[in-house]
Amino acid sequence: MTKTRGGGTKSPHAAPLGSTSSSQRAAQKGKEDGKAARKTPGQASPKTSSGRTSLDASKPRTRASVPADSNESSAAPESSAAPESSSALESSEASESPKPPHVEGSAHRQAGEGGRGARDDGWVGRIVALLEHPGSERRVAASVVLGELRLRDEVVLVALRRAVLRADDAVLRRTAAEALGAIAPDTIVQDLGPLLRDPDRRVQQAVRQILSAGETVRPEDLVAMLAGRDDKERFGAIAVLGARGGSTARRALLEQLRRGDIRTIDRVMDALAPAIKEAEPDEAEQVLEEIETAIDARLLKDDPSYAIAVIQLIGHVKDGAATNLLMKLMRVLEDDEVLGAAVDALRRNLVGSTVRPEVYQFLMDLAEAEGRPGQVIASVAETLSGLELPLTLEPKVRGLVVSARWPVVRHWAARALGGLDSAPSARALALVAATGEPADREVALDALRGTPSGLLELARLLASATDVGRAEKYAASLRAHAKDLQDQAVQLLEASVETAPAEVAQLIMETLDQRGASAGGDGRPRGLLHRALQLKKKAQWDEAVDLLRRLSQGRKAEPEARYQCAVCELKLSKRVLSRGASRDPCLATFGELLKVKGFPIVDRLRSEACLGPEELYFLGFALAGGDDEQQGLGADILTLVAENDAADPKLARMAKNKLQTMGWID
């Protein structure tokens, strides 16, 4: 080596001063031909003082930016002084890093489809050499550039394979892996497979993405990795196969479920579930065939983790055949936990509330199965609760609502019957509401309120009730849906008022009140009042009073009913006149009627054909001993008697004497 004027060294093989190198001659020829020298992506090839192409040693510039998280801690300290010449930079690079192998032009020709050729002026070799540079930023930049160039050259591939194994630079491993992914050699799975267990999560994720999308990646190569003993590499291959999808990948992953360890099962589920959920109908059928073929009958019975994983995968398939396969497996499952998972999967698989009768029947049989724990039965009942009861199975459900062992099954059966507007279903619910356990009665009452048939049966229960506590529950259920009561239920309630115990009759009347108000009417239906008037017309005073008293209870009672009740009570009165206040019932009723403003009591009594002078005289005389308001009414009634002396002259004189005593007349 000889020293140069600048203090550097000069190779004995360097061209003599004034001579022209091969690179210079090539550049000169390109210039004469009017062609620019070849550029690396996004960077012109600068010329050194000797005419050779050189990389800017300070910072390579490429189309791809250098990752911001490059590991500068692995880079050696660099001088901040600018080099005197590019020749000096080359010498510096050569001394700082191992000399890269010389790359001949023939070695850089296109090595396969998608690769690029290279010039034999040595610039590719210098990029490759930078992969061994002490500075992490430069190593990373070199890998990015090689990925952009996509040179499918053995020298480049060897260097990148070495870079992805560099333990001290995670960023380089990732960018070198991305470069190999861009070049896409046939050996990419073998090149990047070890990185699936890389300690850096970002490297793992990058490699998974590359292998998932790589066109040259063969599923068979990924499947081969599943046989390895390294869990990280195997788990990475599982994730890649799941992302790639396809029948080969699914079959291989289903086989992995047989390994039995929970970590493998979890990763297989994570890999398969997303694609299975989104499978189209044609593909879904194929998926089910693959799952059924891969099922290990022994593990299905002996390994709960395996069985649950298989069942969950089947449940993800939105196809009617999945329901059939689940029911087929459930018939042979013995483990209660697995069976519960199968019921949950079946519930998720069912679309809508309408199912085939055989599916409903299968679930009903399972609900009646002996020896199953409560959580399984509860899951079955929950599944049934979301389905419509087929009419063909109604008789069996009517039996379950009374006889099922589990309360949760009886309650489901009651709700299912409540969804059917049929007389047999309503009668079965009414039986439970009347005689069942307290919790069963509440569910049955709630179910009865949902249909006209149910409301009719509730009306029957109220009409025949003798226990006031239960009658209150029936009446409360009816009042909540009073507007939905049909004429048959109303007539039934009206007819029962005459025979029901007084407290129950009062509840019935309140229910009818509510029905009238809900229907926009003016109070209680007039059918009962009409019946009472018929009894009055027949002089059946006792029966008429009993009915009219029930109609007169409460603040909502009709004034007409109260008036008619007072008249009938007057007809039944013994008409005993005594000093002090009288306790005759008719007086209290007339006193209540006085509170109704504007009611024409006197005019109505004047035209009341069933009342004679004796009843009117008694009424007027008795009221005259009351408060001021009652005295006024009594005087008006006595005036009626006094004016009608032709009917009974004696009573007319007695009425006038009483009026004079009271000071009403002179």
# chains A, B, ... in the order shown; residues from 1 in each chain; ligands from 1
$ residues_around --residues "Ile637 (chain A)" --least-positions-apart "3" --cutoff "8 Å" --atoms "only C-alpha atoms" --output "VMD selection string"
chain A and resid 602 616 to 617 619 to 620 633 to 634 640 to 641
$ select_by_dssp --residues "region 395-539 of chain A" --states "helix (DSSP H, G or I)" --output "MDAnalysis selection string"
chainID A and resid 395:403 407:418 423:435 438:448 452:464 468:480 482:484 487:496 502:518 527:537
$ residues_around --residues "region 414-417 of chain A" --least-positions-apart "6" --cutoff "10 Å" --atoms "only C-alpha atoms" --output "VMD selection string"
chain A and resid 384 to 391 394 to 395 397 to 398 400 to 402 408 424 to 426 428 to 429 432 440 to 441 443 to 448 450 454
$ residues_around --residues "region 343-350 of chain A" --least-positions-apart "2" --cutoff "6 Å" --atoms "only C-alpha atoms" --output "VMD selection string"
chain A and resid 315 340 to 341 383
$ residues_around --residues "Leu313 (chain A)" --least-positions-apart "2" --cutoff "9 Å" --atoms "only C-alpha atoms" --output "PyMOL selection string"
chain A and resi 269+272-273+276-277+291+308-311+315-317+345
$ closest_residue --among "A:Lys232, A:Ala566, A:Phe362, A:Leu299" --to "Asp200 (chain A)" --atoms "only C-alpha atoms"
A:Lys232
$ residues_around --residues "region 434-436 of chain A" --least-positions-apart "6" --cutoff "12 Å" --atoms "only C-alpha atoms" --output "ChimeraX atom specification"
/A:401-403,407,410-411,414,427-428,442-445,448,457-458,460-462,464-467,469-471,473-474
$ residues_around --residues "Ala275 (chain A)" --least-positions-apart "5" --cutoff "12 Å" --atoms "only C-alpha atoms" --output "CSV table (one decimal) with C-alpha atoms, in the first residue's frame"
chain,number,residue,atom,x,y,z
A,241,LEU,CA,-52.5,-21.4,8.7
A,242,GLY,CA,-55.6,-19.9,10.3
A,243,ALA,CA,-55.0,-16.6,8.5
A,244,ARG,CA,-54.4,-18.3,5.1
A,245,GLY,CA,-57.5,-20.5,5.4
A,246,GLY,CA,-58.4,-23.2,2.9
A,247,SER,CA,-59.2,-26.8,3.3
A,249,ALA,CA,-55.0,-25.5,6.5
A,250,ARG,CA,-58.3,-26.4,8.3
A,268,VAL,CA,-56.4,-23.5,17.1
A,269,MET,CA,-59.7,-22.1,18.2
A,270,ASP,CA,-58.4,-18.5,17.7
A,280,GLU,CA,-70.5,-18.9,3.0
A,283,GLU,CA,-68.1,-23.5,2.2
A,284,ALA,CA,-69.9,-24.1,5.5
A,287,VAL,CA,-66.3,-27.1,6.8
A,313,LEU,CA,-66.3,-24.9,16.2
A,316,HIS,CA,-69.8,-21.2,14.7
A,317,VAL,CA,-71.1,-22.6,11.4
A,318,LYS,CA,-74.4,-21.0,10.5
$ closest_residue --among "A:Met330, A:Val240, A:Leu420, A:Ala179" --to "Gln204 (chain A)" --atoms "only C-alpha atoms"
A:Val240
